[in-house]
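As stored in my_file.cif (mmCIF, C-alpha atoms):
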data_upload
loop_
_atom_site.group_PDB
_atom_site.id
_atom_site.type_symbol
_atom_site.label_atom_id
_atom_site.label_comp_id
_atom_site.auth_asym_id
_atom_site.auth_seq_id
_atom_site.Cartn_x
_atom_site.Cartn_y
_atom_site.Cartn_z
ATOM 1 C CA VAL A 1 104.804 87.284 99.383
ATOM 2 C CA SER A 2 102.066 84.956 100.590
ATOM 3 C CA GLN A 3 98.296 85.274 100.665
ATOM 4 C CA VAL A 4 95.429 83.123 101.888
ATOM 5 C CA LEU A 5 93.631 81.495 98.947
ATOM 6 C CA SER A 6 89.840 81.513 99.117
ATOM 7 C CA ARG A 7 88.480 77.945 98.997
ATOM 8 C CA TYR A 8 84.823 78.509 99.858
ATOM 9 C CA THR A 9 83.663 77.215 96.461
ATOM 10 C CA PHE A 10 85.300 76.256 93.179
ATOM 11 C CA ALA A 11 84.032 79.489 91.588
ATOM 12 C CA SER A 12 85.483 81.607 94.399
ATOM 13 C CA SER A 13 88.862 79.886 93.966
ATOM 14 C CA LEU A 14 88.882 80.676 90.229
ATOM 15 C CA SER A 15 87.891 84.261 90.984
ATOM 16 C CA HIS A 16 90.623 84.699 93.581
ATOM 17 C CA LEU A 17 93.327 83.302 91.283
ATOM 18 C CA ARG A 18 92.367 85.751 88.503
ATOM 19 C CA ARG A 19 92.103 88.876 90.643
ATOM 20 C CA THR A 20 93.833 92.128 89.680
ATOM 21 C CA ASN A 21 94.425 95.079 91.988
ATOM 22 C CA THR A 22 94.921 98.704 90.909
ATOM 23 C CA PRO A 23 97.805 100.080 93.045
ATOM 24 C CA ILE A 24 96.272 103.400 94.113
ATOM 25 C CA GLY A 25 94.751 104.581 97.379
ATOM 26 C CA ARG A 26 91.177 103.479 97.996
ATOM 27 C CA ASP A 27 90.222 106.549 100.022
ATOM 28 C CA GLY A 28 90.190 108.921 97.044
ATOM 29 C CA LYS A 29 87.023 109.877 95.205
ATOM 30 C CA ILE A 30 88.517 109.826 91.701
ATOM 31 C CA ALA A 31 86.081 107.987 89.443
ATOM 32 C CA LYS A 32 88.216 107.340 86.339
ATOM 33 C CA PRO A 33 90.370 104.479 87.724
ATOM 34 C CA ARG A 34 87.196 102.721 88.886
ATOM 35 C CA GLN A 35 85.421 102.804 85.535
ATOM 36 C CA LEU A 36 85.578 100.168 82.814
ATOM 37 C CA HIS A 37 87.877 100.949 79.897
ATOM 38 C CA ASN A 38 87.096 99.881 76.336
ATOM 39 C CA THR A 39 90.338 97.861 76.200
ATOM 40 C CA HIS A 40 88.919 95.595 78.944
ATOM 41 C CA TRP A 41 86.487 94.036 76.446
ATOM 42 C CA GLY A 42 86.829 90.251 76.592
ATOM 43 C CA LEU A 43 89.747 90.432 79.026
ATOM 44 C CA VAL A 44 88.294 91.726 82.317
ATOM 45 C CA CYS A 45 84.937 90.719 83.796
ATOM 46 C CA PRO A 46 82.681 93.822 83.585
ATOM 47 C CA ALA A 47 80.501 92.815 86.542
ATOM 48 C CA GLU A 48 82.662 91.137 89.177
ATOM 49 C CA THR A 49 84.043 93.754 91.559
ATOM 50 C CA PRO A 50 83.583 94.222 95.311
ATOM 51 C CA GLU A 51 81.385 96.879 96.884
ATOM 52 C CA GLY A 52 82.638 99.763 98.971
ATOM 53 C CA GLN A 53 86.006 101.480 98.708
ATOM 54 C CA ALA A 54 87.522 98.769 96.502
ATOM 55 C CA CYS A 55 84.742 99.039 93.893
ATOM 56 C CA GLY A 56 86.308 99.209 90.432
ATOM 57 C CA LEU A 57 89.866 99.025 91.774
ATOM 58 C CA VAL A 58 89.786 95.264 92.317
ATOM 59 C CA LYS A 59 88.873 93.483 89.071
ATOM 60 C CA ASN A 60 88.966 89.907 87.792
ATOM 61 C CA LEU A 61 90.250 88.525 84.512
ATOM 62 C CA ALA A 62 87.715 86.818 82.260
ATOM 63 C CA LEU A 63 87.641 83.030 82.586
ATOM 64 C CA MET A 64 88.981 82.407 79.051
ATOM 65 C CA CYS A 65 91.692 85.080 79.372
ATOM 66 C CA TYR A 66 95.281 84.200 80.277
ATOM 67 C CA ILE A 67 98.763 85.714 80.496
ATOM 68 C CA THR A 68 101.419 84.597 78.012
ATOM 69 C CA VAL A 69 104.538 82.853 79.325
ATOM 70 C CA GLY A 70 106.738 83.774 76.347
ATOM 71 C CA THR A 71 108.515 81.805 73.611
ATOM 72 C CA PRO A 72 111.941 82.216 71.912
ATOM 73 C CA ALA A 73 111.993 84.709 69.036
ATOM 74 C CA GLU A 74 115.162 83.509 67.273
ATOM 75 C CA PRO A 75 113.520 80.618 65.323
ATOM 76 C CA ILE A 76 110.889 83.014 63.946
ATOM 77 C CA VAL A 77 113.546 85.507 62.816
ATOM 78 C CA ASP A 78 115.535 82.710 61.138
ATOM 79 C CA PHE A 79 112.393 81.455 59.393
ATOM 80 C CA MET A 80 111.553 84.925 58.025
ATOM 81 C CA ILE A 81 115.122 85.349 56.742
ATOM 82 C CA GLN A 82 114.613 82.108 54.794
ATOM 83 C CA ARG A 83 111.369 83.626 53.447
ATOM 84 C CA ASN A 84 113.132 86.585 51.777
ATOM 85 C CA MET A 85 113.269 88.973 54.710
ATOM 86 C CA GLU A 86 116.199 91.360 54.281
ATOM 87 C CA VAL A 87 118.151 92.046 57.474
ATOM 88 C CA LEU A 88 119.037 95.638 58.327
ATOM 89 C CA GLU A 89 122.717 95.178 57.454
ATOM 90 C CA GLU A 90 121.739 94.478 53.823
ATOM 91 C CA PHE A 91 118.860 96.977 53.574
ATOM 92 C CA GLU A 92 119.157 99.764 50.975
ATOM 93 C CA PRO A 93 116.367 102.370 51.420
ATOM 94 C CA GLN A 94 116.892 103.795 47.924
ATOM 95 C CA VAL A 95 116.173 100.417 46.303
ATOM 96 C CA THR A 96 113.039 99.489 48.286
ATOM 97 C CA PRO A 97 111.577 102.680 49.819
ATOM 98 C CA ASN A 98 108.088 101.153 50.203
ATOM 99 C CA ALA A 99 109.137 97.914 51.889
ATOM 100 C CA THR A 100 107.412 96.868 55.108
ATOM 101 C CA LYS A 101 109.458 96.992 58.303
ATOM 102 C CA VAL A 102 109.457 93.840 60.441
ATOM 103 C CA PHE A 103 109.611 94.177 64.231
ATOM 104 C CA VAL A 104 110.065 91.319 66.712
ATOM 105 C CA ASN A 105 109.295 92.232 70.338
ATOM 106 C CA GLY A 106 109.748 95.909 69.482
ATOM 107 C CA VAL A 107 113.144 95.435 67.793
ATOM 108 C CA TRP A 108 113.479 96.287 64.097
ATOM 109 C CA VAL A 109 115.014 93.151 62.566
ATOM 110 C CA GLY A 110 114.518 93.649 58.819
ATOM 111 C CA ILE A 111 112.239 94.516 55.899
ATOM 112 C CA HIS A 112 110.068 92.495 53.512
ATOM 113 C CA ARG A 113 108.853 93.318 50.006
ATOM 114 C CA ASP A 114 105.773 91.048 50.072
ATOM 115 C CA PRO A 115 104.266 91.511 53.554
ATOM 116 C CA SER A 116 100.832 90.070 52.734
ATOM 117 C CA HIS A 117 102.368 86.715 51.793
ATOM 118 C CA LEU A 118 104.594 86.742 54.882
ATOM 119 C CA VAL A 119 101.682 87.542 57.227
ATOM 120 C CA THR A 120 99.506 84.826 55.669
ATOM 121 C CA THR A 121 102.332 82.297 55.980
ATOM 122 C CA MET A 122 102.925 83.146 59.642
ATOM 123 C CA GLN A 123 99.205 82.953 60.454
ATOM 124 C CA ASN A 124 98.922 79.538 58.789
ATOM 125 C CA LEU A 125 101.925 78.278 60.761
ATOM 126 C CA ARG A 126 100.334 79.465 63.997
ATOM 127 C CA ARG A 127 97.002 77.838 63.158
ATOM 128 C CA ARG A 128 98.782 74.553 62.430
ATOM 129 C CA ASN A 129 100.560 74.888 65.795
ATOM 130 C CA MET A 130 103.989 74.938 64.142
ATOM 131 C CA ILE A 131 104.718 78.140 66.057
ATOM 132 C CA SER A 132 103.286 78.910 69.469
ATOM 133 C CA HIS A 133 99.648 79.993 69.640
ATOM 134 C CA GLU A 134 100.816 82.774 71.999
ATOM 135 C CA VAL A 135 102.674 84.601 69.197
ATOM 136 C CA SER A 136 100.928 87.862 68.202
ATOM 137 C CA LEU A 137 101.055 88.944 64.544
ATOM 138 C CA ILE A 138 100.051 92.542 63.738
ATOM 139 C CA ARG A 139 100.291 94.116 60.300
ATOM 140 C CA ASP A 140 99.906 97.906 60.146
ATOM 141 C CA ILE A 141 99.287 98.676 56.475
ATOM 142 C CA ARG A 142 99.249 102.454 56.903
ATOM 143 C CA GLU A 143 102.608 102.576 58.701
ATOM 144 C CA ARG A 144 104.001 99.696 56.587
ATOM 145 C CA GLU A 145 104.942 97.690 59.673
ATOM 146 C CA PHE A 146 104.641 94.019 60.624
ATOM 147 C CA LYS A 147 104.944 93.468 64.373
ATOM 148 C CA ILE A 148 105.529 90.094 66.024
ATOM 149 C CA PHE A 149 105.383 89.618 69.789
ATOM 150 C CA THR A 150 106.607 86.480 71.565
ATOM 151 C CA ASP A 151 107.375 87.982 74.980
ATOM 152 C CA THR A 152 105.808 87.214 78.339
ATOM 153 C CA GLY A 153 103.114 89.149 80.179
ATOM 154 C CA ARG A 154 100.677 89.792 77.309
ATOM 155 C CA VAL A 155 96.944 89.286 77.884
ATOM 156 C CA CYS A 156 95.320 86.912 75.358
ATOM 157 C CA ARG A 157 91.991 85.195 74.812
ATOM 158 C CA PRO A 158 90.797 82.562 72.285
ATOM 159 C CA LEU A 159 88.668 83.614 69.310
ATOM 160 C CA PHE A 160 86.931 81.953 66.378
ATOM 161 C CA VAL A 161 88.623 82.676 63.026
ATOM 162 C CA ILE A 162 86.657 83.529 59.856
ATOM 163 C CA ASP A 163 88.164 82.590 56.481
ATOM 164 C CA ASN A 164 88.307 85.914 54.591
ATOM 165 C CA ASP A 165 90.211 84.640 51.556
ATOM 166 C CA PRO A 166 87.965 85.382 48.518
ATOM 167 C CA LYS A 167 89.582 82.513 46.584
ATOM 168 C CA SER A 168 88.787 79.963 49.286
ATOM 169 C CA GLU A 169 85.817 77.598 49.008
ATOM 170 C CA ASN A 170 85.099 78.286 52.685
ATOM 171 C CA SER A 171 85.195 82.092 52.303
ATOM 172 C CA GLY A 172 83.048 83.721 54.987
ATOM 173 C CA GLY A 173 82.871 80.531 57.055
ATOM 174 C CA LEU A 174 84.632 79.386 60.199
ATOM 175 C CA VAL A 175 88.152 78.014 59.867
ATOM 176 C CA LEU A 176 87.208 75.683 62.724
ATOM 177 C CA ASN A 177 85.812 72.414 61.321
ATOM 178 C CA LYS A 178 84.681 69.018 62.594
ATOM 179 C CA ASP A 179 88.209 67.636 62.419
ATOM 180 C CA HIS A 180 89.368 70.400 64.771
ATOM 181 C CA ILE A 181 86.457 69.636 67.100
ATOM 182 C CA ARG A 182 87.505 65.982 67.274
ATOM 183 C CA LYS A 183 91.078 67.043 68.091
ATOM 184 C CA LEU A 184 89.805 69.392 70.796
ATOM 185 C CA GLU A 185 87.690 66.587 72.251
ATOM 186 C CA SER A 186 90.853 64.484 72.451
ATOM 187 C CA ASP A 187 92.471 67.393 74.360
ATOM 188 C CA LYS A 188 94.659 68.761 71.560
ATOM 189 C CA ASP A 189 94.809 72.553 71.782
ATOM 190 C CA LEU A 190 94.052 74.435 68.532
ATOM 191 C CA PRO A 191 92.540 77.886 69.339
ATOM 192 C CA THR A 192 93.972 81.130 67.993
ATOM 193 C CA ASP A 193 94.854 83.637 70.708
ATOM 194 C CA LEU A 194 95.187 87.328 69.963
ATOM 195 C CA GLY A 195 97.016 90.014 71.889
ATOM 196 C CA PRO A 196 95.570 93.495 72.465
ATOM 197 C CA GLU A 197 97.352 95.144 69.505
ATOM 198 C CA GLU A 198 96.444 92.304 67.164
ATOM 199 C CA ARG A 199 92.747 92.540 68.093
ATOM 200 C CA ARG A 200 92.633 96.136 66.838
ATOM 201 C CA GLU A 201 93.263 94.902 63.293
ATOM 202 C CA GLN A 202 90.451 92.304 63.375
ATOM 203 C CA TYR A 203 86.721 92.549 62.721
ATOM 204 C CA PHE A 204 84.349 91.154 65.331
ATOM 205 C CA GLY A 205 80.646 90.360 65.179
ATOM 206 C CA TRP A 206 77.828 87.991 66.000
ATOM 207 C CA ASP A 207 76.441 87.578 62.453
ATOM 208 C CA GLY A 208 75.555 84.024 61.501
#

Could you rewrite the structure in this file as structure tokens?
Amino acid sequence: VSQVLSRYTFASSLSHLRRTNTPIGRDGKIAKPRQLHNTHWGLVCPAETPEGQACGLVKNLALMCYITVGTPAEPIVDFMIQRNMEVLEEFEPQVTPNATKVFVNGVWVGIHRDPSHLVTTMQNLRRRNMISHEVSLIRDIREREFKIFTDTGRVCRPLFVIDNDPKSENSGGLVLNKDHIRKLESDKDLPTDLGPEERREQYFGWDG
């Protein structure tokens, strides 16, 4: 499949490369597919759409948004096994009925008795770039599940991280510091990127 790339201006080229098309007929008068959905927040530009029949059906990704290319999941599973994750073959439900289930790309791989420590460890590894920044980490406390996604095709965007550890000296402040800024200025990538499911578990705001 080939298509002519718009090269009128640099902005039009960026817009054309990030265009999405809803695969439904444009002659219908159904309004729902043309409206903005709340899950588009931060991922799809709310204003850029053509006029006429294609209005709302042709959208554009936000400039900071990107699609993940995927990373191998086996090293993460091996690491969690070394951090006291019990694989399903050794799991006894009668012994640990309240353990948290661990899923990797939708596959149940094991259980863990101390999920808060495991989640914190994985987040710190991602922030230090020891695992890919594309990896999504979602802990569902109510369902007692810890989900990890490393697959391709997920929509992510960079976000600032607030230190919410009450024992930390920087509690309530940005994790990003001047040392990180210097590394970013020297073109070393350090942002945290969150997938759609992971964003549901976070708090967002403009305070401060």

**Minimum-distance residue to Gly52 in chain A, chosen among A:Arg26, A:Glu74, A:Val69, A:Ser186 (using only C-alpha atoms)** =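 Looking only at the distances to Gly52 in chain A, the closest residue turns out to be A:Arg26.
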
**Request:** Return the single residue from A:Met85, A:Ile111, A:Cys45, A:Val175 that is closest to Arg19 in chain A, with distances computed using all atoms listed in the file.
**Result:**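 Going through A:Met85, A:Ile111, A:Cys45, A:Val175 one by one, the smallest distance to Arg19 in chain A is for A:Cys45.
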
Proximity check range 83-103 of chain A to range 140-148 of chain A, 7 Å, nearest pairs one decimal Å, all atoms listed in the file, as a tab-separated table:
residue	atom	partner	partner_atom	distance
A:Thr100	CA	A:Arg144	CA	4.7
A:Lys101	CA	A:Glu145	CA	4.8
A:Val102	CA	A:Phe146	CA	4.8
A:Phe103	CA	A:Lys147	CA	4.7

**Asked** Could you spell out the hits of the PyMOL selection byres ((chain A and resi 30-34) around 7) on the shown file, as a list in words?
**Response** Gly28, Lys29, Gln35, Leu36, Cys55, Gly56 and Leu57 of chain A

Could you please take those selected residues and save C-alpha atoms as a short mmCIF file (atom, residue, chain, number, x, y, z; two decimals), in the frame of the given file?
data_model
loop_
_atom_site.label_atom_id
_atom_site.label_comp_id
_atom_site.auth_asym_id
_atom_site.auth_seq_id
_atom_site.Cartn_x
_atom_site.Cartn_y
_atom_site.Cartn_z
CA GLY A 28 90.19 108.92 97.04
CA LYS A 29 87.02 109.88 95.20
CA GLN A 35 85.42 102.80 85.54
CA LEU A 36 85.58 100.17 82.81
CA CYS A 55 84.74 99.04 93.89
CA GLY A 56 86.31 99.21 90.43
CA LEU A 57 89.87 99.02 91.77
#

**Message:** Counting all atoms listed in the file, which residue out of A:Val155, A:Trp108, A:Gln123, A:Ile181 sits closest to Thr39 in chain A?
**Reply:** A:Val155
